[in-house]
>>> print(open('coords.json').read())   # JSON, C-alpha atoms
[["chain", "number", "residue", "atom", "x", "y", "z"],
["X", 1, "MET", "CA", 29.37, 26.82, 2.18],
["X", 2, "ILE", "CA", 26.47, 28.80, 3.69],
["X", 3, "LEU", "CA", 24.31, 27.98, 0.66],
["X", 4, "THR", "CA", 25.17, 24.28, 1.00],
["X", 5, "ARG", "CA", 24.20, 24.23, 4.70],
["X", 6, "THR", "CA", 20.97, 26.09, 3.95],
["X", 7, "LYS", "CA", 20.03, 23.69, 1.15],
["X", 8, "THR", "CA", 20.78, 20.63, 3.24],
["X", 9, "LYS", "CA", 18.76, 21.94, 6.20],
["X", 10, "TYR", "CA", 15.74, 23.43, 4.45],
["X", 11, "ILE", "CA", 15.66, 22.00, 0.90],
["X", 12, "PRO", "CA", 17.23, 18.51, 1.04],
["X", 13, "SER", "CA", 16.16, 17.68, -2.51],
["X", 14, "CYS", "CA", 18.60, 20.37, -3.71],
["X", 15, "LYS", "CA", 21.55, 19.27, -1.57],
["X", 16, "ASP", "CA", 23.38, 17.83, -4.60],
["X", 17, "ILE", "CA", 22.98, 21.02, -6.63],
["X", 18, "GLU", "CA", 26.29, 22.93, -6.54],
["X", 19, "LEU", "CA", 26.99, 26.19, -8.33],
["X", 20, "GLN", "CA", 30.18, 26.18, -10.37],
["X", 21, "GLU", "CA", 32.85, 28.67, -9.43],
["X", 22, "LEU", "CA", 33.86, 31.28, -11.98],
["X", 23, "ASP", "CA", 37.57, 31.37, -12.85],
["X", 24, "THR", "CA", 38.05, 34.86, -14.29],
["X", 25, "LYS", "CA", 41.79, 35.13, -13.69],
["X", 26, "GLU", "CA", 42.86, 34.27, -17.25],
["X", 27, "ILE", "CA", 40.30, 36.46, -18.99],
["X", 28, "GLN", "CA", 41.04, 39.28, -16.54],
["X", 29, "GLU", "CA", 44.76, 39.09, -17.35],
["X", 30, "GLY", "CA", 44.02, 39.14, -21.09],
["X", 31, "ILE", "CA", 41.72, 42.15, -20.75],
["X", 32, "GLU", "CA", 44.27, 43.97, -18.62],
["X", 33, "ILE", "CA", 46.90, 43.43, -21.38],
["X", 34, "LEU", "CA", 44.47, 44.89, -23.94],
["X", 35, "ILE", "CA", 43.76, 47.87, -21.66],
["X", 36, "THR", "CA", 47.51, 48.50, -21.30],
["X", 37, "PHE", "CA", 47.95, 48.46, -25.08],
["X", 38, "ILE", "CA", 44.99, 50.79, -25.53],
["X", 39, "ASN", "CA", 46.30, 53.25, -22.91],
["X", 40, "GLU", "CA", 49.72, 53.32, -24.62],
["X", 41, "LYS", "CA", 48.00, 53.90, -27.96],
["X", 42, "ILE", "CA", 46.00, 56.76, -26.46],
["X", 43, "LYS", "CA", 49.20, 58.39, -25.20],
["X", 44, "ASN", "CA", 50.94, 58.07, -28.54],
["X", 45, "ILE", "CA", 48.84, 57.13, -31.55],
["X", 46, "SER", "CA", 51.95, 56.51, -33.61],
["X", 47, "ILE", "CA", 53.24, 53.73, -31.38],
["X", 48, "PRO", "CA", 52.52, 50.31, -32.96],
["X", 49, "VAL", "CA", 50.63, 47.86, -30.81],
["X", 50, "THR", "CA", 51.61, 44.26, -31.12],
["X", 51, "ILE", "CA", 48.98, 41.77, -29.91],
["X", 52, "THR", "CA", 49.75, 38.07, -29.89],
["X", 53, "ASP", "CA", 47.62, 35.93, -32.20],
["X", 54, "ASN", "CA", 46.06, 33.91, -29.35],
["X", 55, "LEU", "CA", 45.22, 36.80, -26.99],
["X", 56, "VAL", "CA", 41.80, 37.75, -28.41],
["X", 57, "PRO", "CA", 40.73, 34.12, -29.16],
["X", 58, "SER", "CA", 41.75, 33.20, -25.60],
["X", 59, "ILE", "CA", 39.62, 36.03, -24.19],
["X", 60, "GLU", "CA", 36.67, 34.99, -26.38],
["X", 61, "LYS", "CA", 37.09, 31.35, -25.37],
["X", 62, "ASN", "CA", 37.15, 32.22, -21.66],
["X", 63, "GLN", "CA", 34.17, 34.51, -22.12],
["X", 64, "ALA", "CA", 32.20, 31.67, -23.72],
["X", 65, "LEU", "CA", 33.15, 29.34, -20.86],
["X", 66, "ILE", "CA", 32.12, 31.89, -18.24],
["X", 67, "ASN", "CA", 28.82, 32.57, -20.02],
["X", 68, "GLY", "CA", 28.13, 28.81, -20.12],
["X", 69, "ILE", "CA", 28.85, 28.50, -16.39],
["X", 70, "LEU", "CA", 26.65, 31.52, -15.65],
["X", 71, "GLU", "CA", 23.80, 30.01, -17.67],
["X", 72, "LYS", "CA", 24.04, 26.70, -15.81],
["X", 73, "ASN", "CA", 24.29, 28.47, -12.44],
["X", 74, "ASN", "CA", 21.26, 30.61, -13.25],
["X", 75, "GLN", "CA", 19.31, 27.47, -14.14],
["X", 76, "MET", "CA", 20.30, 25.82, -10.86],
["X", 77, "VAL", "CA", 19.41, 28.97, -8.88],
["X", 78, "LYS", "CA", 16.01, 28.97, -10.63],
["X", 79, "GLU", "CA", 15.47, 25.33, -9.63],
["X", 80, "ILE", "CA", 16.44, 26.06, -6.01],
["X", 81, "ASN", "CA", 14.05, 29.04, -5.94],
["X", 82, "GLN", "CA", 11.24, 26.88, -7.28],
["X", 83, "LYS", "CA", 11.87, 24.35, -4.53],
["X", 84, "LYS", "CA", 12.04, 27.17, -1.98],
["X", 85, "ASN", "CA", 8.67, 28.49, -3.13],
["X", 86, "GLN", "CA", 7.21, 25.01, -2.67],
["X", 87, "ILE", "CA", 8.70, 24.46, 0.78],
["X", 88, "ASP", "CA", 5.42, 23.03, 2.15],
["X", 89, "GLU", "CA", 5.45, 20.26, -0.46],
["X", 90, "GLU", "CA", 9.14, 19.73, 0.24],
["X", 91, "SER", "CA", 8.33, 19.34, 3.94],
["X", 92, "LYS", "CA", 5.58, 16.81, 3.18],
["X", 93, "THR", "CA", 7.96, 14.84, 0.98],
["X", 94, "ILE", "CA", 10.57, 14.79, 3.76],
["X", 95, "ARG", "CA", 8.00, 13.59, 6.31],
["X", 96, "ARG", "CA", 6.82, 10.87, 3.94],
["X", 97, "GLU", "CA", 10.39, 9.71, 3.44],
["X", 98, "ILE", "CA", 10.97, 9.72, 7.22],
["X", 99, "CYS", "CA", 7.81, 7.62, 7.69],
["X", 100, "LYS", "CA", 8.92, 5.20, 4.97],
["X", 101, "CYS", "CA", 12.36, 4.85, 6.55],
["X", 102, "GLY", "CA", 10.78, 4.31, 9.97],
["X", 103, "PHE", "CA", 8.38, 1.72, 8.57],
["X", 104, "ASN", "CA", 11.16, -0.13, 6.76],
["X", 105, "HIS", "CA", 13.31, -0.02, 9.89],
["X", 106, "LEU", "CA", 10.53, -1.44, 12.07],
["X", 107, "THR", "CA", 9.68, -4.04, 9.42],
["X", 108, "GLU", "CA", 13.29, -5.20, 9.34],
["X", 109, "ILE", "CA", 13.55, -5.35, 13.15],
["X", 110, "HIS", "CA", 10.25, -7.19, 13.61],
["X", 111, "LYS", "CA", 10.42, -9.24, 10.41],
["X", 112, "ASN", "CA", 10.33, -12.56, 12.26],
["X", 113, "ASN", "CA", 7.52, -11.40, 14.55],
["X", 114, "ILE", "CA", 5.44, -10.22, 11.59],
["X", 115, "LYS", "CA", 6.02, -13.54, 9.84],
["X", 116, "THR", "CA", 4.94, -15.39, 12.99],
["X", 117, "VAL", "CA", 1.79, -13.27, 13.32],
["X", 118, "ASN", "CA", 0.90, -13.86, 9.66],
["X", 119, "ASN", "CA", 1.38, -17.61, 10.10],
["X", 120, "LEU", "CA", -0.78, -17.56, 13.25],
["X", 121, "ARG", "CA", -3.50, -15.70, 11.36],
["X", 122, "LYS", "CA", -3.42, -18.31, 8.61],
["X", 123, "ASP", "CA", -3.56, -21.09, 11.20],
["X", 124, "TRP", "CA", -6.47, -19.37, 12.95],
["X", 125, "VAL", "CA", -8.42, -19.06, 9.69],
["X", 126, "SER", "CA", -7.74, -22.71, 8.90],
["X", 127, "LEU", "CA", -8.78, -23.88, 12.39],
["X", 128, "ASN", "CA", -11.87, -21.66, 12.38],
["X", 129, "ASP", "CA", -12.95, -23.07, 9.00],
["X", 130, "ASP", "CA", -12.31, -26.58, 10.29],
["X", 131, "ILE", "CA", -14.43, -25.90, 13.40],
["X", 132, "LYS", "CA", -17.28, -24.49, 11.29],
["X", 133, "ARG", "CA", -17.09, -27.49, 8.97],
["X", 134, "LYS", "CA", -17.18, -29.95, 11.88],
["X", 135, "ARG", "CA", -20.09, -28.09, 13.47],
["X", 136, "GLU", "CA", -22.04, -28.29, 10.23],
["X", 137, "GLN", "CA", -21.21, -31.98, 9.95],
["X", 138, "GLN", "CA", -22.30, -32.46, 13.56],
["X", 139, "LYS", "CA", -25.58, -30.67, 12.86],
["X", 140, "ILE", "CA", -26.18, -32.85, 9.81],
["X", 141, "SER", "CA", -25.26, -35.97, 11.78],
["X", 142, "LYS", "CA", -27.48, -34.92, 14.71],
["X", 143, "ARG", "CA", -30.38, -34.13, 12.38],
["X", 144, "ALA", "CA", -30.04, -37.49, 10.66],
["X", 145, "LYS", "CA", -29.89, -39.28, 14.03],
["X", 146, "VAL", "CA", -32.97, -37.45, 15.32],
["X", 147, "ALA", "CA", -34.87, -38.24, 12.12],
["X", 148, "SER", "CA", -33.88, -41.90, 12.30],
["X", 149, "THR", "CA", -35.03, -42.17, 15.93],
["X", 150, "ILE", "CA", -38.37, -40.49, 15.19],
["X", 151, "LYS", "CA", -38.96, -42.79, 12.23],
["X", 152, "SER", "CA", -38.15, -45.82, 14.35],
["X", 153, "VAL", "CA", -40.65, -44.79, 17.05],
["X", 154, "LEU", "CA", -43.32, -43.99, 14.45],
["X", 155, "ASN", "CA", -42.72, -47.33, 12.75],
["X", 156, "TYR", "CA", -43.04, -49.12, 16.08],
["X", 157, "PHE", "CA", -46.47, -47.63, 16.76],
["X", 158, "PHE", "CA", -47.85, -47.06, 13.24],
["X", 159, "ALA", "CA", -45.87, -49.41, 10.97],
["X", 160, "ASP", "CA", -46.05, -47.80, 7.49],
["X", 161, "LYS", "CA", -49.05, -45.58, 8.24],
["X", 162, "TYR", "CA", -47.02, -42.60, 9.50],
["X", 163, "THR", "CA", -43.38, -41.77, 8.90],
["X", 164, "LEU", "CA", -41.08, -38.73, 8.74],
["X", 165, "ASP", "CA", -39.70, -36.97, 5.67],
["X", 166, "GLU", "CA", -36.03, -36.36, 6.59],
["X", 167, "GLU", "CA", -35.54, -33.42, 4.23],
["X", 168, "THR", "CA", -38.52, -31.31, 5.36],
["X", 169, "PHE", "CA", -39.00, -32.89, 8.83],
["X", 170, "ARG", "CA", -42.71, -33.10, 8.08],
["X", 171, "LEU", "CA", -45.06, -35.96, 8.86],
["X", 172, "MET", "CA", -46.04, -38.33, 6.05],
["X", 173, "PHE", "CA", -49.21, -40.35, 5.78],
["X", 174, "HIS", "CA", -48.69, -43.38, 3.51],
["X", 175, "GLU", "CA", -45.82, -41.52, 1.82],
["X", 176, "ASN", "CA", -47.89, -38.33, 1.35],
["X", 177, "LEU", "CA", -46.66, -35.16, 3.02],
["X", 178, "LEU", "CA", -49.08, -33.55, 5.45],
["X", 179, "ASN", "CA", -49.10, -29.81, 5.92],
["X", 180, "LYS", "CA", -49.52, -28.09, 9.29],
["X", 181, "ASN", "CA", -53.27, -27.58, 9.03],
["X", 182, "GLN", "CA", -53.86, -31.15, 7.93],
["X", 183, "THR", "CA", -51.92, -32.50, 10.90],
["X", 184, "LYS", "CA", -54.17, -30.71, 13.40],
["X", 185, "ASP", "CA", -57.41, -31.99, 11.87],
["X", 186, "PHE", "CA", -56.19, -35.32, 10.48],
["X", 187, "LEU", "CA", -54.69, -36.91, 13.59],
["X", 188, "SER", "CA", -56.56, -38.20, 16.59],
["X", 189, "GLU", "CA", -55.52, -37.08, 20.05],
["X", 190, "GLY", "CA", -53.86, -40.42, 20.69],
["X", 191, "GLU", "CA", -51.90, -40.23, 17.42],
["X", 192, "LYS", "CA", -50.84, -36.67, 18.23],
["X", 193, "ASN", "CA", -49.55, -37.82, 21.63],
["X", 194, "ILE", "CA", -47.59, -40.70, 20.10],
["X", 195, "ILE", "CA", -46.06, -38.44, 17.44],
["X", 196, "ALA", "CA", -45.16, -35.83, 20.07],
["X", 197, "PHE", "CA", -43.57, -38.64, 22.09],
["X", 198, "ALA", "CA", -41.59, -39.73, 19.02],
["X", 199, "TYR", "CA", -40.24, -36.19, 18.53],
["X", 200, "TYR", "CA", -39.38, -35.96, 22.22],
["X", 201, "ILE", "CA", -37.44, -39.27, 22.13],
["X", 202, "GLY", "CA", -35.69, -38.19, 18.93],
["X", 203, "ILE", "CA", -34.48, -34.93, 20.48],
["X", 204, "LEU", "CA", -33.24, -36.68, 23.62],
["X", 205, "ILE", "CA", -31.00, -39.09, 21.67]]
>>> encode(input="coords.json", output="C-alpha cells")
Amino acid sequence: MILTRTKTKYIPSCKDIELQELDTKEIQEGIEILITFINEKIKNISIPVTITDNLVPSIEKNQALINGILEKNNQMVKEINQKKNQIDEESKTIRREICKCGFNHLTEIHKNNIKTVNNLRKDWVSLNDDIKRKREQQKISKRAKVASTIKSVLNYFFADKYTLDEETFRLMFHENLLNKNQTKDFLSEGEKNIIAFAYYIGILI
C-alpha cells in the first residue's frame, strides 16, 4: 500500500505497476513434511520413509511459480528504479500533461469564442483586402480622370500639338514623348504656363 501511494504521488507513470504477492504456504507445507521425514530418518535410519508421488513435483512446481513471480517482480522493481532515477524527466512529463489538459479544458470551454474570433479574423482579412482593392481602383480611376482632364485642356489650347501620355504622365509633342530636359528648353513660357494650368485643373477635378 505504501509503495502504491509513493508511486502515485512521485512516479505516476508507474502507478499501474503492481508487484505480485508470493504465496509460499503450499511449498512451505511440502518442505516441512520433507523435513519431518528427514528428522525421523535421522533418528532411526531403519525406519522406512514413505513420500507421496506428488509431494516433490508439487514442491518443484511451486518453486518454479515463485521463481517466475520473483523474476517479474524484479523486472518491475528495476523499471520503477529507472523511473525514480529520471524523476526530473518524469516531472517535466507530468507538467506537460497538466498543460495539455489545461489547454484542452480551456479550448472546450471557449470553443465557441475561439470559433467566433477565427471567423472575425477571416472577415477582417476579407474586408481589408476589399478596401485595398477599392483604393487601388480609386487611384486608377482618379489617375485616368486627371489624365483625361489634362488632355482635354491641352487639346483646347494646342489641338493635336501637345497631349499627355497616360501611362507615363509625360508630355507628348505630335505623339513624340518629351523628356524632362527637352520640356524646359522646348516650350515657350506661355506654353509652360498653359501646361501647368492644365495639370492644376486636372488635379482639382
>>> atom_distance(input="coords.json", atom1="CA of Asn62 in chain X", atom2="CA of Val77 in chain X")
22.1 Å
>>> residues_around(input="coords.json", residues="Ile31 in chain X", least_positions_apart="2", cutoff="12 Å", atoms="all atoms listed in the file", output="list in words")
Thr24, Lys25, Glu26, Ile27, Gln28, Glu29, Ile33, Leu34, Ile35, Thr36, Phe37, Ile38, Ile51, Leu55, Val56, Pro57, Ser58, Ile59, Glu60, Asn62 and Gln63 of chain X
>>> residues_near_point(input="coords.json", point="(29.6, 30.8, -7.5)", cutoff="10 Å", atoms="only C-alpha atoms", output="PyMOL selection string")
chain X and resi 18-23+69-70+73
>>> residues_around(input="coords.json", residues="Glu175 in chain X", least_positions_apart="2", cutoff="8 Å", atoms="all atoms listed in the file", output="compact mmCIF listing (two decimals) with C-alpha atoms, keeping the file's coordinate frame")
# COMPACT_ATOMS: atom_id res chain seq x y z
CA TYR X 162 -47.02 -42.60 9.50
CA THR X 163 -43.38 -41.77 8.90
CA MET X 172 -46.04 -38.33 6.05
CA PHE X 173 -49.21 -40.35 5.78
CA LEU X 177 -46.66 -35.16 3.02
>>> atom_distance(input="coords.json", atom1="CA of Ile201 in chain X", atom2="CA of Lys145 in chain X")
11.1 Å
>>> closest_residue(input="coords.json", among="X:Ile47, X:Ile66, X:Ile98, X:Ala198", to="Ser152 in chain X", atoms="all atoms listed in the file")
X:Ala198
>>> atom_distance(input="coords.json", atom1="CA of Ile17 in chain X", atom2="CA of Glu79 in chain X")
9.2 Å
>>> residues_around(input="coords.json", residues="Ala196 in chain X", least_positions_apart="5", cutoff="12 Å", atoms="all atoms listed in the file", output="PDB file with C-alpha atoms, in the frame of the given file")
ATOM      1  CA  ILE X 150     -38.370 -40.490  15.190  1.00  0.00           C
ATOM      2  CA  VAL X 153     -40.650 -44.790  17.050  1.00  0.00           C
ATOM      3  CA  LEU X 154     -43.320 -43.990  14.450  1.00  0.00           C
ATOM      4  CA  LEU X 171     -45.060 -35.960   8.860  1.00  0.00           C
ATOM      5  CA  THR X 183     -51.920 -32.500  10.900  1.00  0.00           C
ATOM      6  CA  LEU X 187     -54.690 -36.910  13.590  1.00  0.00           C
ATOM      7  CA  GLU X 189     -55.520 -37.080  20.050  1.00  0.00           C
ATOM      8  CA  GLY X 190     -53.860 -40.420  20.690  1.00  0.00           C
ATOM      9  CA  GLU X 191     -51.900 -40.230  17.420  1.00  0.00           C
ATOM     10  CA  ILE X 201     -37.440 -39.270  22.130  1.00  0.00           C
ATOM     11  CA  GLY X 202     -35.690 -38.190  18.930  1.00  0.00           C
ATOM     12  CA  ILE X 203     -34.480 -34.930  20.480  1.00  0.00           C
TER      13      ILE X 203
END
>>> closest_residue(input="coords.json", among="X:Gly30, X:Leu65, X:Arg121, X:Phe157", to="Thr52 in chain X", atoms="only C-alpha atoms")
X:Gly30
>>> build_atoms(input="coords.json", residues="range 102-114 of chain X", atoms="N, CA and C atoms", output="JSON list (two decimals), keeping the file's coordinate frame")
[["chain", "number", "residue", "atom", "x", "y", "z"],
["X", 102, "GLY", "N", 11.17, 4.88, 8.69],
["X", 102, "GLY", "CA", 10.78, 4.31, 9.97],
["X", 102, "GLY", "C", 10.05, 3.00, 9.81],
["X", 103, "PHE", "N", 9.13, 2.95, 8.83],
["X", 103, "PHE", "CA", 8.38, 1.72, 8.57],
["X", 103, "PHE", "C", 9.31, 0.59, 8.15],
["X", 104, "ASN", "N", 10.22, 0.90, 7.22],
["X", 104, "ASN", "CA", 11.16, -0.13, 6.76],
["X", 104, "ASN", "C", 12.06, -0.61, 7.89],
["X", 105, "HIS", "N", 12.46, 0.34, 8.76],
["X", 105, "HIS", "CA", 13.31, -0.02, 9.89],
["X", 105, "HIS", "C", 12.57, -0.96, 10.85],
["X", 106, "LEU", "N", 11.32, -0.60, 11.17],
["X", 106, "LEU", "CA", 10.53, -1.44, 12.07],
["X", 106, "LEU", "C", 10.22, -2.80, 11.44],
["X", 107, "THR", "N", 9.96, -2.78, 10.13],
["X", 107, "THR", "CA", 9.68, -4.04, 9.42],
["X", 107, "THR", "C", 10.88, -4.97, 9.49],
["X", 108, "GLU", "N", 12.08, -4.38, 9.31],
["X", 108, "GLU", "CA", 13.29, -5.20, 9.34],
["X", 108, "GLU", "C", 13.53, -5.76, 10.74],
["X", 109, "ILE", "N", 13.31, -4.90, 11.77],
["X", 109, "ILE", "CA", 13.55, -5.35, 13.15],
["X", 109, "ILE", "C", 12.57, -6.45, 13.55],
["X", 110, "HIS", "N", 11.30, -6.26, 13.18],
["X", 110, "HIS", "CA", 10.25, -7.19, 13.61],
["X", 110, "HIS", "C", 9.83, -8.15, 12.50],
["X", 111, "LYS", "N", 10.72, -8.38, 11.56],
["X", 111, "LYS", "CA", 10.42, -9.24, 10.41],
["X", 111, "LYS", "C", 9.96, -10.62, 10.86],
["X", 112, "ASN", "N", 10.68, -11.21, 11.79],
["X", 112, "ASN", "CA", 10.33, -12.56, 12.26],
["X", 112, "ASN", "C", 8.99, -12.56, 13.00],
["X", 113, "ASN", "N", 8.78, -11.49, 13.82],
["X", 113, "ASN", "CA", 7.52, -11.40, 14.55],
["X", 113, "ASN", "C", 6.33, -11.26, 13.61],
["X", 114, "ILE", "N", 6.51, -10.43, 12.57],
["X", 114, "ILE", "CA", 5.44, -10.22, 11.59],
["X", 114, "ILE", "C", 5.14, -11.53, 10.86]]
